Structure formats: structure tokens, C-alpha cells
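Participant: This is the structure, below, for whatever I ask next.
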Amino acid sequence: MEHIKEEELIAYHDSRERQSPDWHSLSVHLNDCPECRAALEKIEAVFAAMDSLPVPDPGENYGQRVWAAISPRLPERQPHWWESFFAPRRLAAVGAFAAIVLAAYVAGRWSKPQPPVETVDTAKVRERVLVVAVGDHLNKSEMLLIELSNAQPNPASGKLVNISAEQHRAEDLLEENRLYRQTALKEGDQVMASTLDELERVLLDVANSPDQVTPARFESMQKKLESRGILFKVRVIQQGLRDRANPAKQPAQQNQQRNISKMNHKEGNFA
Amino acid sequence: MSQMTSSVDSALVPDAVAVERTLAGDRDAYRILVERHSQNVYRLAYRMAGNSHDAEEIVQEAFLRGYQKLKQFAGQANFGTWVYRIAANYAIDRLRQRKVEDSRREPPARESEEGNELDPLAQIKDSAPSPERLAGSSQLALRMQQALRELTPAERTAIVMRHWDGCGIEEIAAVLKSSTTAAKNTVFRAVQKLRVALEPFAEGRQTARAMGME
């Protein structure tokens, strides 16, 4: 039996190569060939070692520091008068204004006077929408983490574990997660931001994995999840959001912060 | 979460709108883009440079160049991807320049005492790690850092962009100014070199597993 070349194994490790016509034949070969599986594990070990290299956190207000450093060096930008006149935003605003005037005219002609309706506090509505959106995102992330943590591949069989479904879900969740993390960071909600940051790293790990992994690699992914305690942190944040959505029984953010810092402290002791 | 909503509007201003406002003369709109994308660019810069001092310089230079070239951006792609590419281009130029400078120096210059945070990788190369240091950090991580440092600038760029940041081969080829086939080969070469550098560790782990010790 002819063995797989190293280049092919490296490409195989990369999930984006799964569309290639050779990918499935390589999968079949890997299932039957312990030597090639061992070679693949060596390549996986390289990537795992790379993942273990830390990048220091530059701090939550790093973006502000960068802005403070570069803003005095930015030259003034003077647009031509016609550039600003024809800017798409301005054109859009003019269009929107015209549409409102037209709508008001039509409505005025056809509608009858109505009793005044109760005004809505837009800030509260916005907060509620955000709470629901973040809650939904955390819920989906929790489901994914539970499935990954509870899966039990059989290491003795040596067969590759298919995580393509989880991988696609992680890819979908990543974009949302980035947006919520940036919002939390911007608003100084450190507990939320740091939990979402950790969640993002986990999602990135899953999304960047090949869609079939060796049982050893899968086990190391599970261990990583467990050691980070990410599932617990996500649950704590979710509980905080539920309390916020239901202010009648609100133990809220202090508890949430205490639980997560306890957890982080514990991790620090292990590290 | 209540804190989150107070300036949620500014946080949710799309990149395209911030770019447009900047181009229309609102310099402060560029702040939104800087604050939003600095962390991502920093991660790339740190992995390319190997130290936070150089990484911060790369981030600042990338955003300065981004501001100067903003008209060229013209909403063609995602701003984050665009500024990331500027940072990668600048970082690879810096790495190449640093290599040339290092090769000219005889004997190789050592970092100053104050600048010992400057490049941890340089420290690894210059001095054997002490027992305390080995005890405190993983030998494998040290070996990996050293192996990354020994890659050529192109290989280091390719592996950082491909593995850590999930960039496509076309994107890597654009930064390396090479064909996609050459970029693909550069990634393979980088992985092969790292694999060889880590071979003793991998064998040790496999033996341990075979003996039921791991």
C-alpha cells in the first residue's frame, strides 16, 4: 500500500481542503493505515504546539491607546465640496427625507385621527433586544459545547471522528460572537467581554479544525474545553442575562462576576 | 449589559459607514475602525514579530497607512481584512529588513537590558534556558518559538496567516507577492520545518502513549 505524502497530509489537516477530489480517498486510506495516521498525528502535534503559544492580551482599551498614539499623526482630510454632496449617505438621507414627506402626505390624506398611543422607552427596548440576542447566541454556543464535551469516540478503534457539523456551527457562531464581544468591550462590560473572548477562542479552535480528527486530537480538544471551564462561564453569563430580563428576581451581575472571577482564580492556580 | 446599550449605536456603526465618514473629512470616524480592529491586528503582529514592542509598532503603522490609503479601499472588501493585509505586508518587510540587518552585524547584537521584553525569541537563541525557566514553562513551547524564529520571513508569514488566522491561499499569495502554488508550498515547507524541529517531542509522546504512560 502506497503511503500518503507529507504535503497531502498537511493539506488534509486543513479543513478547507475537504472540497478537493482527493480528500475522501485520503480519509479512507487514513482509516485503514496506522502508519499514515501516526504521521498525521505528528502534523497535528505541530499545530497543537502552535496553539499552545500565548499571545499576551494588550488590554481591553488597547484600541483607544492605538488611537491616542496615531491620531496626532493623521493628516487632515479635506474632501472636495462635490464629494460630500454626492456621498451615498447624503443621497440616502435626501431620499429617506423625501420618502417620509411623501408618506406623511399620503397618510394625512387617508388616515383618521387616532387616540394617542403610549410611548415606548427605546433604550429599554434596545437593551431587551440585545439581551435576547446575546442570550440566544450563548444558548446556541452552550449546546455546541455540551455536544463536544459529551461525545465519546472510541480511541481503541483508531477511526477518525467526524466533527464537520460542529465545525460549521462554530463558524456561524464566530461572527456573532465577535460583534457581541466588541460591543461588550466598548461598553466596559468586562465580565461579558472576557467570557465572550474565551468563547471566541474555543469557537475558533473548532472552526479551524479539520472536519475529521483523530480520537487523540478530539480528546485533547475536550480536555482543553474542560480545563478552560468555558461551559460553566457561559452558563453563569446566561443566568445573569435571564435575571436581567426578569428584574423581579435579580441577583444579577455581582454574583455573575463573583462566580467567574472565582473560576478564573481557580484556573490561575492550576496554571 | 445595561452598560452595553448606552453607546451601542457607535459600536454597531458598520465599517463601511465609518470609512465613508472618514473619507468625507470626519477624522474621528476612523477611531471606530481603529478601536474595532486593533486587537485582531495586534494578534497577527505579535505572532509575526514575536514580541509586543514590535507588534505595537506594526499595529500603529498599519492603521496610519490604512488612513493614508483609505481612498484605495473604497469599500471593495471588509475593512478588517484590508488593514490586516496592510499589517501583514508591513510586518514581512520588517522581518526581512531585520534579517538583513542581523546578517550584517558581527557579532550578532544583543538586546539591551531594558529591552529584554523586546524579543523573547532572541533571548532563547542567545542563552540556554535556566532550570527554573524550564520548570516554569514548557520546553515544547520554547522549542516551538525557536523553530518559528528560524523560519524565513515568508514561511513565518504564511504559517501565521494560514494556521492562526485562517487566511486563504490567495490572500497569503497576495501578501507574499507570489503565485498561489508558491504560497501553498511555502506553507508546506513551514509545517515540515516545524515538524522536524518538534520531532524529538512527538516521538517522546508517541513512545509514552505506546507504553501507556500518557
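Numbering starts fresh at 1 for the residues of each chain in the C-alpha cells, the chains themselves are lettered A, B, ... in the order given, and ligands are numbered from 1 as they appear.
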Give me, as a ChimeraX atom specification, the contact residues of chain A against chain B at a cut-off of 8 Å, counting only C-alpha atoms.
Facilitator: /A:7,10,42-43,45-47,49-53,55-56,58,62-64,66-67,69-70,73-74,76-79,83-84,87,123,126-127,130-131,182-184,186-189,208,241
Participant: Write out, as a short mmCIF file (atom, residue, chain, number, x, y, z; two decimals), in the first residue's frame, the residues just selected, with N, CA and C atoms.
Facilitator:
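And here is the file that came out, part-v2.cif:
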```
data_model
loop_
_atom_site.label_atom_id
_atom_site.label_comp_id
_atom_site.auth_asym_id
_atom_site.auth_seq_id
_atom_site.Cartn_x
_atom_site.Cartn_y
_atom_site.Cartn_z
N GLU A 7 2.99 16.40 2.18
CA GLU A 7 2.24 17.57 1.68
C GLU A 7 0.75 17.29 1.70
N ILE A 10 -0.57 17.40 5.22
CA ILE A 10 -0.70 18.78 5.70
C ILE A 10 -1.96 19.40 5.11
N LYS A 42 1.59 13.47 13.98
CA LYS A 42 2.78 14.32 14.16
C LYS A 42 2.50 15.73 13.64
N ILE A 43 1.81 15.79 12.52
CA ILE A 43 1.49 17.11 11.96
C ILE A 43 0.49 17.83 12.87
N ALA A 45 0.33 17.45 15.96
CA ALA A 45 1.07 17.87 17.16
C ALA A 45 1.75 19.22 16.93
N VAL A 46 2.20 19.45 15.68
CA VAL A 46 2.82 20.75 15.35
C VAL A 46 1.80 21.86 15.56
N PHE A 47 0.60 21.64 15.02
CA PHE A 47 -0.42 22.69 15.12
C PHE A 47 -0.88 22.86 16.57
N ALA A 49 0.98 22.41 19.16
CA ALA A 49 2.04 23.16 19.86
C ALA A 49 1.96 24.64 19.51
N MET A 50 1.62 24.93 18.25
CA MET A 50 1.46 26.35 17.86
C MET A 50 0.33 26.99 18.65
N ASP A 51 -0.76 26.21 18.80
CA ASP A 51 -1.92 26.76 19.53
C ASP A 51 -1.59 27.05 20.98
N SER A 52 -0.58 26.30 21.49
CA SER A 52 -0.28 26.48 22.92
C SER A 52 0.55 27.75 23.17
N LEU A 53 1.04 28.38 22.10
CA LEU A 53 1.83 29.61 22.30
C LEU A 53 0.88 30.77 22.60
N VAL A 55 -0.58 34.59 23.12
CA VAL A 55 -0.40 35.98 22.67
C VAL A 55 -0.84 36.84 23.85
N PRO A 56 0.06 37.68 24.37
CA PRO A 56 -0.33 38.47 25.54
C PRO A 56 -1.51 39.39 25.22
N PRO A 58 -3.24 42.65 25.04
CA PRO A 58 -2.74 44.03 25.12
C PRO A 58 -3.61 44.93 25.99
N TYR A 62 -7.01 48.66 24.48
CA TYR A 62 -5.87 48.75 23.56
C TYR A 62 -6.20 49.61 22.34
N GLY A 63 -7.40 49.42 21.80
CA GLY A 63 -7.81 50.20 20.62
C GLY A 63 -7.73 51.69 20.90
N GLN A 64 -8.14 52.07 22.11
CA GLN A 64 -8.09 53.50 22.47
C GLN A 64 -6.65 53.99 22.53
N VAL A 66 -4.13 52.75 20.83
CA VAL A 66 -3.61 52.87 19.46
C VAL A 66 -4.09 54.19 18.85
N TRP A 67 -5.39 54.50 19.09
CA TRP A 67 -5.94 55.74 18.55
C TRP A 67 -5.20 56.95 19.12
N ALA A 69 -2.22 57.08 20.12
CA ALA A 69 -0.86 57.16 19.59
C ALA A 69 -0.83 57.67 18.15
N ILE A 70 -1.84 57.27 17.37
CA ILE A 70 -1.74 57.63 15.94
C ILE A 70 -2.52 58.90 15.57
N ARG A 73 -0.85 61.99 14.46
CA ARG A 73 -0.04 61.85 13.24
C ARG A 73 -0.89 61.75 11.98
N LEU A 74 -2.21 61.75 12.13
CA LEU A 74 -3.06 61.64 10.94
C LEU A 74 -3.22 63.00 10.27
N GLU A 76 -5.00 65.96 8.08
CA GLU A 76 -6.40 66.36 7.88
C GLU A 76 -6.82 65.95 6.49
N ARG A 77 -8.06 65.51 6.38
CA ARG A 77 -8.55 65.10 5.08
C ARG A 77 -9.63 66.08 4.64
N GLN A 78 -9.39 66.83 3.56
CA GLN A 78 -10.38 67.80 3.09
C GLN A 78 -11.06 67.26 1.84
N PRO A 79 -12.30 66.90 1.94
CA PRO A 79 -12.98 66.40 0.75
C PRO A 79 -13.37 67.55 -0.17
N GLU A 83 -17.73 66.02 -3.53
CA GLU A 83 -17.63 64.66 -2.98
C GLU A 83 -18.62 64.48 -1.85
N SER A 84 -18.66 65.51 -0.97
CA SER A 84 -19.57 65.34 0.17
C SER A 84 -21.03 65.48 -0.27
N ALA A 87 -22.05 62.15 -1.66
CA ALA A 87 -21.76 60.99 -0.82
C ALA A 87 -23.02 60.14 -0.70
N ALA A 123 -34.55 53.03 24.76
CA ALA A 123 -33.33 52.47 25.37
C ALA A 123 -33.62 51.11 25.98
N ARG A 126 -34.14 48.54 23.31
CA ARG A 126 -32.88 48.15 22.71
C ARG A 126 -32.11 47.19 23.62
N GLU A 127 -32.13 47.50 24.92
CA GLU A 127 -31.44 46.62 25.85
C GLU A 127 -32.07 45.23 25.83
N LEU A 130 -31.06 43.34 22.82
CA LEU A 130 -29.67 42.90 22.94
C LEU A 130 -29.55 41.71 23.90
N VAL A 131 -30.28 41.80 25.00
CA VAL A 131 -30.26 40.70 25.99
C VAL A 131 -30.75 39.42 25.33
N GLN A 182 -17.12 42.77 20.93
CA GLN A 182 -16.67 44.16 20.71
C GLN A 182 -17.62 45.14 21.38
N THR A 183 -18.91 44.83 21.32
CA THR A 183 -19.89 45.72 21.95
C THR A 183 -19.67 45.74 23.46
N ALA A 184 -19.49 44.55 24.03
CA ALA A 184 -19.28 44.47 25.48
C ALA A 184 -18.02 45.22 25.90
N LYS A 186 -16.57 47.66 24.33
CA LYS A 186 -16.79 49.09 24.13
C LYS A 186 -17.55 49.68 25.32
N GLU A 187 -18.47 48.88 25.86
CA GLU A 187 -19.30 49.38 26.95
C GLU A 187 -18.67 49.15 28.32
N GLY A 188 -17.50 48.55 28.34
CA GLY A 188 -16.82 48.33 29.62
C GLY A 188 -17.42 47.19 30.44
N ASP A 189 -18.20 46.31 29.78
CA ASP A 189 -18.74 45.15 30.49
C ASP A 189 -17.68 44.05 30.43
N ASN A 208 -11.43 25.95 13.03
CA ASN A 208 -10.21 25.74 12.26
C ASN A 208 -9.74 24.30 12.25
N LEU A 241 -28.07 37.07 32.39
CA LEU A 241 -28.94 37.69 31.38
C LEU A 241 -30.41 37.39 31.68
#
```
Participant: Give me the residues near Asn162 of chain A as a list in words, where near means some atom within 12 Å (using only C-alpha atoms) and where sequence neighbours in that chain fewer than 3 positions away do not count.
Facilitator: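 Here the answer would be Ser15, Ser27, Leu148, Ala151, Gln152, Pro153, Lys159, Ala165, Glu166, Gln167, His168, Val206, Ser209, Pro210, Asp211, Gln212, Val213, Thr214, Pro215, Arg217 and Phe218 of chain A.
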Participant: Calculate how many Å separate atom CA of Ser220 of chain A from atom CA of Met192 of chain A, rounding to one decimal.
Facilitator: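 Spanning atom CA of Ser220 of chain A to atom CA of Met192 of chain A is a straight-line distance of 26.3 Å.
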Participant: Find the spatial neighbours of Ala193 of chain A, counting only C-alpha atoms, within a cut-off of 8 Å - ignore same-chain residues fewer than 2 positions away - and output them as a list of chain:residue names.
Facilitator: A:Tyr180, A:Arg181, A:Gln182, A:Ala184, A:Leu185, A:Asp189, A:Gln190, A:Val191, A:Thr195, A:Leu196, A:Asp197
Participant: Rank A:Glu35, A:Ala245, A:Pro54, A:Lys5 by their smallest atom-to-atom distance to Val129 of chain A, using only C-alpha atoms, and report the top residue only.
Facilitator: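 Looking at the shortest contact to Val129 of chain A, the residue is A:Ala245.
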Participant: Measure the distance from atom CA of Leu203 of chain A to atom CA of Ser25 of chain A in Å and round it to one decimal.
Facilitator: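 Taking atom CA of Leu203 of chain A and atom CA of Ser25 of chain A, their separation equals 28.1 Å.
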